[in-house]
Amino acid sequence: METLVTLSNYSYLKKLRDYGVSGIITGSRYFSSRYFYDLETLKKIALECIIYGLDLYISIDTFLEEKDRALLEEYLEFLRFLRPKGIYFSDFGVLHLLKKLHFEAEYIYAPDTLMTNSLDAEFCLRRGMDRVVLARELTIPEIKAIAQRVDHKVDLYIFGYLKMAKSKRHYLNNYFKEIGLDKEAKDDLYFRLKEYNREGYLPILETKYGSEIYSEGILAAYLEYESLSKIITKGIVDDLFLKEEVLFTVLKDLKRLNGDNAGLLLNNLKLRFSDLKFDDGYFHQKTAIKKEDA
Amino acid sequence: MKKVELLAPAKDLGKALIALRYGADAVYVGGLEYSLRSRASNFTLEDIKTLVDFAHYYRKKVYVTVNMVFHDDDLKGIVDYLKTLEMMRVDAVIIESLGLMALIKKYAPKLECHLSTQLSTTNSLAVEELSKWGADRIVLAREVDMLSIEVIAQRCKTPLEVFIHGGMCANYSGRCTLSNRMTNRDANRGGCAHSCRWNYHVYHGTELLSKDDLPFTMSSYDLRATPYIERMIKAGVASLKIEGRMKSDHYIAQVTRTYRKMIDEIEMGGHLDEKRLAYYNSELDKAENRPSDTGFLGSSKASELFGATQSFVSHEYVAMVKDFNLSNGYALVEVRNKFSKGDTLEVFGPDQDNEQFIVEDMFDEDGTIEVANRPKALIWIKVPFLVKPYYMLRKVAL
Ligand code: SF4
């Protein structure tokens with residue numbers, strides 16, 4: 001399993017290479033719900049990826065509006081010159097355009113919650129997609145079954161806050177308007193929600209495209225890493241909302257993780273960052289279909 | 001102008017028949033398995049068969065939702081289920097899974113595949129791609145605005161279905177796991193706990209910003225697309241969809257009938273001016289119990305309205321007509337909610353405009369009664385005009 005890191009901080013690039021990362025996933029202010037780079041910076045990132053030998057993947061994770069068709073086409077033409085290794089997308093309109101423009105790159109379908117079974121993964125790979133990103137809501141046996149069915153052409157989130165919701169609504173700014181608070185939420189990474197009766201703070205990020213809400217805990221696939229590494233092509237470390245220190249501790253750990261030291265390294269991580277909550281996501285917990293089963 | 005389909009929801013056979021009687025051209029229902037709303041569904045295969053026979057007799061259609069976001073284990077037995085639906089002459093299945101679409105094309109090819117709003121289809125390029133793969137109809141995301149719907153309809157041949165009324169997920173449909181994470185109930189497999197409607201504190205760093213007298217919630221207004229129906233029909237949208245499989249008989253009847261009348265008026269060449277729109281909105285108010293707006297259809301910020309916590313009902317549903325005795329003018333009704341002698345009731349039916357009367361006399365098997373307050377009780381009530389089975393009575397708040 002190669003490690004990819006989402007790049008929210010441009011200054012990390014060289015260090016990422018030193019930590020054994022094989023590539024980065026990033027994007028720009030265009031058609032991305034979490035990257036804020038302008039096109040010039042994206043160009044620089046692309047150049048540095050070449051210099052440092054990192055694979056560049058671009059994420060286009062918004063749902064395309066009809067009025068933005070031409071803009072997307074222009075954006076893809078721009079990206080073509082950056083020669084990304086692949087494009088992550090969640091809208092089949094993007095795929096349609098990639099194919100129409102004969103865009104040479106890996107096409108990776110990343111629909112967040114929807115990629116949950118072998119049938120769909122197989123379908124996508126037969127329709128010209130190179131890999132799919134599995135949903136975060138899968139157990140280890142489910143992940144294994146899908147990966148085996150599609151010749152391991154799957155990516156999986158292995159570390160980071162888990163995305164829980166995506167909305168076109170601008171939740172925070174609407175709320176601030178309603179309560180008469182003069183505060184701007186756009187592109188600010190420091191907002192958190194806390195449900196009245198539950199522990200834990202949910203990071204929420206608002207951009208011009210809407211809002212995304214993340215989990216209170218951080219997925220840390222330490223104990224599962226060794227078995228996952230045999231079946232997953234790319235493991236994704238999501239750096240969003242993570243402090244630099246946490247990110248690089250984890251990357252260092254991933255380089256030396258094995259079946260024997262995983263527990264120890266995970267404990268050390270928990271001790272070192274005791275203010276954070278690490279968990280194993282859905283790896284060992286199947287979610288219930290009905291209320292009665294929950 | 002192409003005739004548009006009015007598509008209504010139903011959680012059980014009774015509601016489906018009401019929807020069809022009150023003007024729906026098609027109904028969508030969930031079976032006991034494989035459906036996102038299986039928890040809200042009471043359709044056995046036998047019920048589906050009965051419904052299909054009834055609907056087809058009146059040249060109407062039945063769509064079955066097979067729209068759970070499947071995990072591998074959930075797919076057991078699915079091919080047999082699809083073949084059975086095909087054999088029963090179900091007209092289409094509403095699905096999210098593209099892999100399932102491939103199975104349907106292979107094993108149950110007579111079933112049309114309608115791709116669910118969970119796929120968040122927002123543009124004509126996606127419609128084209130999905131059509132190429134076999135989609136027979138595409139349900140657009142609720143996040144698409146009216147102008148985009150018009151353009152997509154013009155650019156694409158594949159029939160489009162658009163939500164016009166009912167509850168909206170605060171997040172993109174299918175892209176929300178708040179419930180999974182917070183309650184272990186999978187929203188994409190029918191277990192949603194509506195965590196978006198809960199109250200949350202908002203912090204920036206460690207600073208608390210939210211107010212307890214108006215807590216943060218993601219709860220959204222319900223959708224009511226009345227000002228846009230005319231444009232949708234003229235744009236060539238194939239199907240106008242009402243949401244609400246959890247709703248009451250009265251809701252289904254009133255909302256379906258209102259849109260039926262509205263569509264008929266538009267298709268007869270009528271243009272709906274402010275006055276007519278106000279009339280239709282007032283009719284919908286009689287069914288609605290949550291604040292509504294036009295969602296993302298307009299370019300205004302209506303979609304962004306914060307918090308939908310209030311609720312109101314202007315007319316309370318109190319009884320359904322079972323029979324009418326022409327010789328003495330008494331109707332046999334099944335009681336749903338309390339009403340009393342002296343109350344003003346409004347009657348409406350599939351072919352009956354609203355008509356009001358004052359309750360002067362009613363009795364049950366024990367004799368005259370002053371108050372009808374036993375749900376499901378059958379009582380006789382004096383009605384000064386002809387009513388028919390399936391007409392509904394509601395109390396007018398004076
Ligand atoms: S929690 Fe709310 S937004 Fe999320 S799936 Fe449930 S109803 Fe939809």
# chains A, B, ... in the order shown; residues from 1 in each chain; ligands from 1
$ interface_residues --of "chain B" --to "chain A" --cutoff "6 Å" --atoms "only C-alpha atoms" --output "list in words"
His71, Asp72, Leu98, Gly99, Asn123, Leu125, Ala126, Glu129, Ser148, Asn171, Tyr172, Arg175, Cys176, Thr177, Leu178, Asn184, Arg185, Asp186, Arg189, Gly190, Gly191, Asn199, Tyr200, His201, Val202, Tyr203, His204, Gly205 and Glu304 of chain B
$ write_last_selection --atoms "N, CA and C atoms" --output "short mmCIF file (atom, residue, chain, number, x, y, z; two decimals), in the first residue's frame"
data_model
loop_
_atom_site.label_atom_id
_atom_site.label_comp_id
_atom_site.auth_asym_id
_atom_site.auth_seq_id
_atom_site.Cartn_x
_atom_site.Cartn_y
_atom_site.Cartn_z
N HIS B 71 -24.37 -2.78 1.15
CA HIS B 71 -23.10 -3.42 1.45
C HIS B 71 -23.23 -4.83 0.85
N ASP B 72 -22.13 -5.52 0.65
CA ASP B 72 -22.20 -6.81 -0.05
C ASP B 72 -23.25 -7.75 0.55
N LEU B 98 -25.20 1.63 -9.18
CA LEU B 98 -24.99 1.44 -10.62
C LEU B 98 -24.70 -0.02 -10.93
N GLY B 99 -24.07 -0.70 -9.98
CA GLY B 99 -23.83 -2.13 -10.16
C GLY B 99 -25.16 -2.87 -10.26
N ASN B 123 -26.06 18.00 -13.20
CA ASN B 123 -25.71 18.65 -14.47
C ASN B 123 -25.92 17.70 -15.65
N LEU B 125 -23.93 16.84 -18.05
CA LEU B 125 -22.84 15.91 -18.38
C LEU B 125 -23.01 14.61 -17.61
N ALA B 126 -23.38 14.74 -16.35
CA ALA B 126 -23.61 13.53 -15.54
C ALA B 126 -24.82 12.78 -16.07
N GLU B 129 -23.71 10.81 -19.05
CA GLU B 129 -22.87 9.66 -18.71
C GLU B 129 -23.74 8.52 -18.15
N SER B 148 -31.11 25.73 -14.21
CA SER B 148 -30.31 24.56 -14.58
C SER B 148 -31.21 23.40 -15.02
N ASN B 171 -28.34 17.79 4.15
CA ASN B 171 -27.11 17.53 3.40
C ASN B 171 -27.47 16.91 2.05
N TYR B 172 -26.50 16.81 1.16
CA TYR B 172 -26.77 16.12 -0.10
C TYR B 172 -27.30 14.73 0.23
N ARG B 175 -25.15 11.57 1.15
CA ARG B 175 -23.76 11.95 1.52
C ARG B 175 -23.70 12.35 2.98
N CYS B 176 -24.53 11.75 3.77
CA CYS B 176 -24.58 12.14 5.18
C CYS B 176 -24.49 10.90 6.06
N THR B 177 -23.52 10.91 6.96
CA THR B 177 -23.41 9.78 7.89
C THR B 177 -23.44 10.28 9.34
N LEU B 178 -24.07 11.42 9.54
CA LEU B 178 -24.20 11.94 10.92
C LEU B 178 -24.84 10.88 11.80
N ASN B 184 -25.04 5.04 15.40
CA ASN B 184 -24.80 3.73 14.77
C ASN B 184 -25.97 3.29 13.90
N ARG B 185 -26.80 4.24 13.49
CA ARG B 185 -27.91 3.89 12.59
C ARG B 185 -27.58 4.43 11.20
N ASP B 186 -27.57 3.55 10.23
CA ASP B 186 -27.09 3.90 8.90
C ASP B 186 -28.17 4.62 8.08
N ARG B 189 -29.02 3.17 4.78
CA ARG B 189 -29.69 1.87 4.72
C ARG B 189 -30.98 1.92 5.53
N GLY B 190 -31.56 3.11 5.56
CA GLY B 190 -32.90 3.25 6.12
C GLY B 190 -32.98 3.48 7.62
N GLY B 191 -31.85 3.79 8.25
CA GLY B 191 -31.90 3.91 9.71
C GLY B 191 -31.75 5.33 10.24
N ASN B 199 -29.89 19.86 18.26
CA ASN B 199 -29.27 21.15 18.58
C ASN B 199 -27.77 20.99 18.83
N TYR B 200 -27.03 21.95 18.34
CA TYR B 200 -25.57 21.91 18.48
C TYR B 200 -25.06 23.26 19.00
N HIS B 201 -23.98 23.21 19.76
CA HIS B 201 -23.25 24.43 20.10
C HIS B 201 -22.27 24.69 18.97
N VAL B 202 -21.97 25.96 18.73
CA VAL B 202 -20.94 26.29 17.73
C VAL B 202 -19.77 26.95 18.44
N TYR B 203 -18.59 26.45 18.17
CA TYR B 203 -17.37 27.03 18.74
C TYR B 203 -16.45 27.51 17.63
N HIS B 204 -15.72 28.57 17.93
CA HIS B 204 -14.59 28.93 17.07
C HIS B 204 -13.36 28.81 17.96
N GLY B 205 -12.54 27.83 17.72
CA GLY B 205 -11.49 27.52 18.69
C GLY B 205 -12.18 27.11 19.99
N GLU B 304 -31.39 28.63 1.94
CA GLU B 304 -30.43 28.74 3.03
C GLU B 304 -31.12 29.11 4.34
#
$ residues_near_ligand --ligand "ligand 1" --cutoff "6 Å" --atoms "only C-alpha atoms and all ligand atoms" --output "PDB file with N, CA, C and O atoms, in the first residue's frame"
ATOM      1  N   CYS B 169     -33.369  16.504   2.861  1.00  0.00           N
ATOM      2  CA  CYS B 169     -32.185  16.272   3.673  1.00  0.00           C
ATOM      3  C   CYS B 169     -31.435  17.598   3.755  1.00  0.00           C
ATOM      4  O   CYS B 169     -31.346  18.316   2.758  1.00  0.00           O
ATOM      5  N   ALA B 170     -30.902  17.910   4.903  1.00  0.00           N
ATOM      6  CA  ALA B 170     -30.129  19.143   5.026  1.00  0.00           C
ATOM      7  C   ALA B 170     -28.832  19.007   4.221  1.00  0.00           C
ATOM      8  O   ALA B 170     -28.319  19.975   3.666  1.00  0.00           O
ATOM      9  N   ASN B 171     -28.336  17.793   4.155  1.00  0.00           N
ATOM     10  CA  ASN B 171     -27.106  17.527   3.397  1.00  0.00           C
ATOM     11  C   ASN B 171     -27.472  16.910   2.054  1.00  0.00           C
ATOM     12  O   ASN B 171     -28.629  16.561   1.832  1.00  0.00           O
ATOM     13  N   CYS B 176     -24.534  11.753   3.774  1.00  0.00           N
ATOM     14  CA  CYS B 176     -24.583  12.142   5.176  1.00  0.00           C
ATOM     15  C   CYS B 176     -24.493  10.903   6.058  1.00  0.00           C
ATOM     16  O   CYS B 176     -25.283   9.972   5.920  1.00  0.00           O
ATOM     17  N   LEU B 178     -24.073  11.422   9.541  1.00  0.00           N
ATOM     18  CA  LEU B 178     -24.198  11.942  10.915  1.00  0.00           C
ATOM     19  C   LEU B 178     -24.841  10.883  11.795  1.00  0.00           C
ATOM     20  O   LEU B 178     -24.409  10.608  12.909  1.00  0.00           O
ATOM     21  N   SER B 179     -25.912  10.293  11.266  1.00  0.00           N
ATOM     22  CA  SER B 179     -26.663   9.313  12.028  1.00  0.00           C
ATOM     23  C   SER B 179     -25.816   8.055  12.286  1.00  0.00           C
ATOM     24  O   SER B 179     -25.824   7.516  13.398  1.00  0.00           O
ATOM     25  N   ALA B 187     -27.953   5.885   7.849  1.00  0.00           N
ATOM     26  CA  ALA B 187     -28.935   6.684   7.102  1.00  0.00           C
ATOM     27  C   ALA B 187     -29.096   6.160   5.684  1.00  0.00           C
ATOM     28  O   ALA B 187     -30.181   6.233   5.105  1.00  0.00           O
ATOM     29  N   CYS B 192     -31.880   6.332   9.400  1.00  0.00           N
ATOM     30  CA  CYS B 192     -31.540   7.702   9.810  1.00  0.00           C
ATOM     31  C   CYS B 192     -32.227   8.155  11.098  1.00  0.00           C
ATOM     32  O   CYS B 192     -33.425   8.009  11.274  1.00  0.00           O
ATOM     33  N   HIS B 194     -32.115  11.309  12.049  1.00  0.00           N
ATOM     34  CA  HIS B 194     -32.337  12.754  11.853  1.00  0.00           C
ATOM     35  C   HIS B 194     -31.449  13.597  12.761  1.00  0.00           C
ATOM     36  O   HIS B 194     -31.905  14.574  13.361  1.00  0.00           O
ATOM     37  N   SER B 195     -30.208  13.222  12.816  1.00  0.00           N
ATOM     38  CA  SER B 195     -29.268  13.951  13.673  1.00  0.00           C
ATOM     39  C   SER B 195     -29.089  15.396  13.211  1.00  0.00           C
ATOM     40  O   SER B 195     -28.644  16.239  13.990  1.00  0.00           O
ATOM     41  N   CYS B 196     -29.437  15.678  11.971  1.00  0.00           N
ATOM     42  CA  CYS B 196     -29.321  17.054  11.475  1.00  0.00           C
ATOM     43  C   CYS B 196     -30.304  17.976  12.183  1.00  0.00           C
ATOM     44  O   CYS B 196     -30.124  19.189  12.187  1.00  0.00           O
TER      45      CYS B 196
END
$ atom_distance --atom1 "atom CA of A:Ser8" --atom2 "atom CA of A:Ser33"
11.8 Å
$ residues_around --residues "B:Val62" --least-positions-apart "3" --cutoff "8 Å" --atoms "only C-alpha atoms" --output "number ranges by chain"
B: 26-29, 51-52, 55, 90-92
$ select_by_dssp --residues "stretch 12-245 of chain A" --states "helix (DSSP H, G or I)" --output "NGL selection string"
:A and (12-18 or 39-52 or 66-82 or 92-100 or 112-114 or 118-126 or 140-149 or 171-178 or 222-229 or 244-245)
$ select_by_dssp --residues "stretch 197-308 of chain B" --states "strand (DSSP E)" --output "count of residues only"
16
$ atom_distance --atom1 "atom CA of B:Ala108" --atom2 "atom CA of B:Ile242"
26.8 Å
$ residues_around --residues "A:Ile50" --least-positions-apart "3" --cutoff "12 Å" --atoms "only C-alpha atoms" --output "number ranges by chain"
A: 13-14, 17, 22-24, 43-47, 53-56, 82-85
$ write_last_selection --atoms "N, CA and C atoms" --output "PDB file, in the first residue's frame"
ATOM      1  N   LEU A  13       5.505  19.951   1.446  1.00  0.00           N
ATOM      2  CA  LEU A  13       5.831  19.065   0.323  1.00  0.00           C
ATOM      3  C   LEU A  13       7.136  18.269   0.454  1.00  0.00           C
ATOM      4  N   LYS A  14       8.211  19.005   0.694  1.00  0.00           N
ATOM      5  CA  LYS A  14       9.503  18.319   0.717  1.00  0.00           C
ATOM      6  C   LYS A  14       9.551  17.293   1.860  1.00  0.00           C
ATOM      7  N   ARG A  17       7.936  13.991   1.149  1.00  0.00           N
ATOM      8  CA  ARG A  17       8.781  13.050   0.409  1.00  0.00           C
ATOM      9  C   ARG A  17       9.730  12.332   1.381  1.00  0.00           C
ATOM     10  N   SER A  22       4.098   8.631  -1.154  1.00  0.00           N
ATOM     11  CA  SER A  22       4.323   8.483  -2.592  1.00  0.00           C
ATOM     12  C   SER A  22       3.638   9.574  -3.407  1.00  0.00           C
ATOM     13  N   GLY A  23       2.637  10.198  -2.838  1.00  0.00           N
ATOM     14  CA  GLY A  23       1.982  11.244  -3.616  1.00  0.00           C
ATOM     15  C   GLY A  23       1.057  12.085  -2.765  1.00  0.00           C
ATOM     16  N   ILE A  24       0.549  13.129  -3.370  1.00  0.00           N
ATOM     17  CA  ILE A  24      -0.377  14.003  -2.646  1.00  0.00           C
ATOM     18  C   ILE A  24      -1.674  14.160  -3.431  1.00  0.00           C
ATOM     19  N   LYS A  43       0.258  25.434  -9.647  1.00  0.00           N
ATOM     20  CA  LYS A  43       1.352  25.203 -10.605  1.00  0.00           C
ATOM     21  C   LYS A  43       2.651  24.911  -9.871  1.00  0.00           C
ATOM     22  N   LYS A  44       2.913  25.734  -8.839  1.00  0.00           N
ATOM     23  CA  LYS A  44       4.155  25.555  -8.064  1.00  0.00           C
ATOM     24  C   LYS A  44       4.161  24.178  -7.396  1.00  0.00           C
ATOM     25  N   ILE A  45       3.002  23.805  -6.867  1.00  0.00           N
ATOM     26  CA  ILE A  45       2.909  22.494  -6.205  1.00  0.00           C
ATOM     27  C   ILE A  45       3.232  21.392  -7.217  1.00  0.00           C
ATOM     28  N   ALA A  46       2.667  21.536  -8.422  1.00  0.00           N
ATOM     29  CA  ALA A  46       2.891  20.524  -9.464  1.00  0.00           C
ATOM     30  C   ALA A  46       4.383  20.420  -9.783  1.00  0.00           C
ATOM     31  N   LEU A  47       5.013  21.578  -9.881  1.00  0.00           N
ATOM     32  CA  LEU A  47       6.439  21.606 -10.195  1.00  0.00           C
ATOM     33  C   LEU A  47       7.254  20.935  -9.092  1.00  0.00           C
ATOM     34  N   GLY A  53       9.712  14.090  -6.665  1.00  0.00           N
ATOM     35  CA  GLY A  53       9.306  12.738  -7.031  1.00  0.00           C
ATOM     36  C   GLY A  53       8.003  12.295  -6.385  1.00  0.00           C
ATOM     37  N   LEU A  54       7.111  13.223  -6.156  1.00  0.00           N
ATOM     38  CA  LEU A  54       5.805  12.876  -5.583  1.00  0.00           C
ATOM     39  C   LEU A  54       4.753  12.817  -6.686  1.00  0.00           C
ATOM     40  N   ASP A  55       3.850  11.852  -6.593  1.00  0.00           N
ATOM     41  CA  ASP A  55       2.743  11.812  -7.557  1.00  0.00           C
ATOM     42  C   ASP A  55       1.731  12.888  -7.197  1.00  0.00           C
ATOM     43  N   LEU A  56       1.234  13.565  -8.222  1.00  0.00           N
ATOM     44  CA  LEU A  56       0.250  14.621  -7.978  1.00  0.00           C
ATOM     45  C   LEU A  56      -1.140  14.127  -8.382  1.00  0.00           C
ATOM     46  N   LEU A  82      -0.432  20.472 -15.926  1.00  0.00           N
ATOM     47  CA  LEU A  82       0.246  20.103 -14.680  1.00  0.00           C
ATOM     48  C   LEU A  82       0.580  18.613 -14.658  1.00  0.00           C
ATOM     49  N   ARG A  83       0.046  17.906 -15.637  1.00  0.00           N
ATOM     50  CA  ARG A  83       0.270  16.462 -15.762  1.00  0.00           C
ATOM     51  C   ARG A  83       0.026  15.691 -14.453  1.00  0.00           C
ATOM     52  N   PRO A  84      -1.139  15.831 -13.881  1.00  0.00           N
ATOM     53  CA  PRO A  84      -1.395  15.066 -12.649  1.00  0.00           C
ATOM     54  C   PRO A  84      -1.427  13.577 -12.946  1.00  0.00           C
ATOM     55  N   LYS A  85      -1.067  12.793 -11.954  1.00  0.00           N
ATOM     56  CA  LYS A  85      -1.103  11.340 -12.134  1.00  0.00           C
ATOM     57  C   LYS A  85      -2.551  10.852 -12.175  1.00  0.00           C
TER      58      LYS A  85
END
$ residues_around --residues "B:Thr44" --least-positions-apart "5" --cutoff "10 Å" --atoms "only C-alpha atoms" --output "list in words"
Asp12, Leu13, Gly30, Gly31, Leu32, Glu33, Lys49 and Thr50 of chain B
$ atom_distance --atom1 "atom CA of B:Glu46" --atom2 "atom CA of B:Val69"
24.6 Å
$ residues_around --residues "stretch 246-251 of chain B" --least-positions-apart "4" --cutoff "12 Å" --atoms "only C-alpha atoms" --output "ChimeraX atom specification"
/B:8-22,29-30,37-42,165-167,242,255-258,283-290,313,315-320,336-337,347-350,390-395
$ residues_around --residues "B:His271" --least-positions-apart "3" --cutoff "8 Å" --atoms "only C-alpha atoms" --output "list in words"
Glu230, Glu265 and Ile266 of chain B
$ closest_residue --among "A:Leu247, A:Leu205, A:Leu266, A:Ile236" --to "A:Tyr12" --atoms "only C-alpha atoms"
A:Leu247
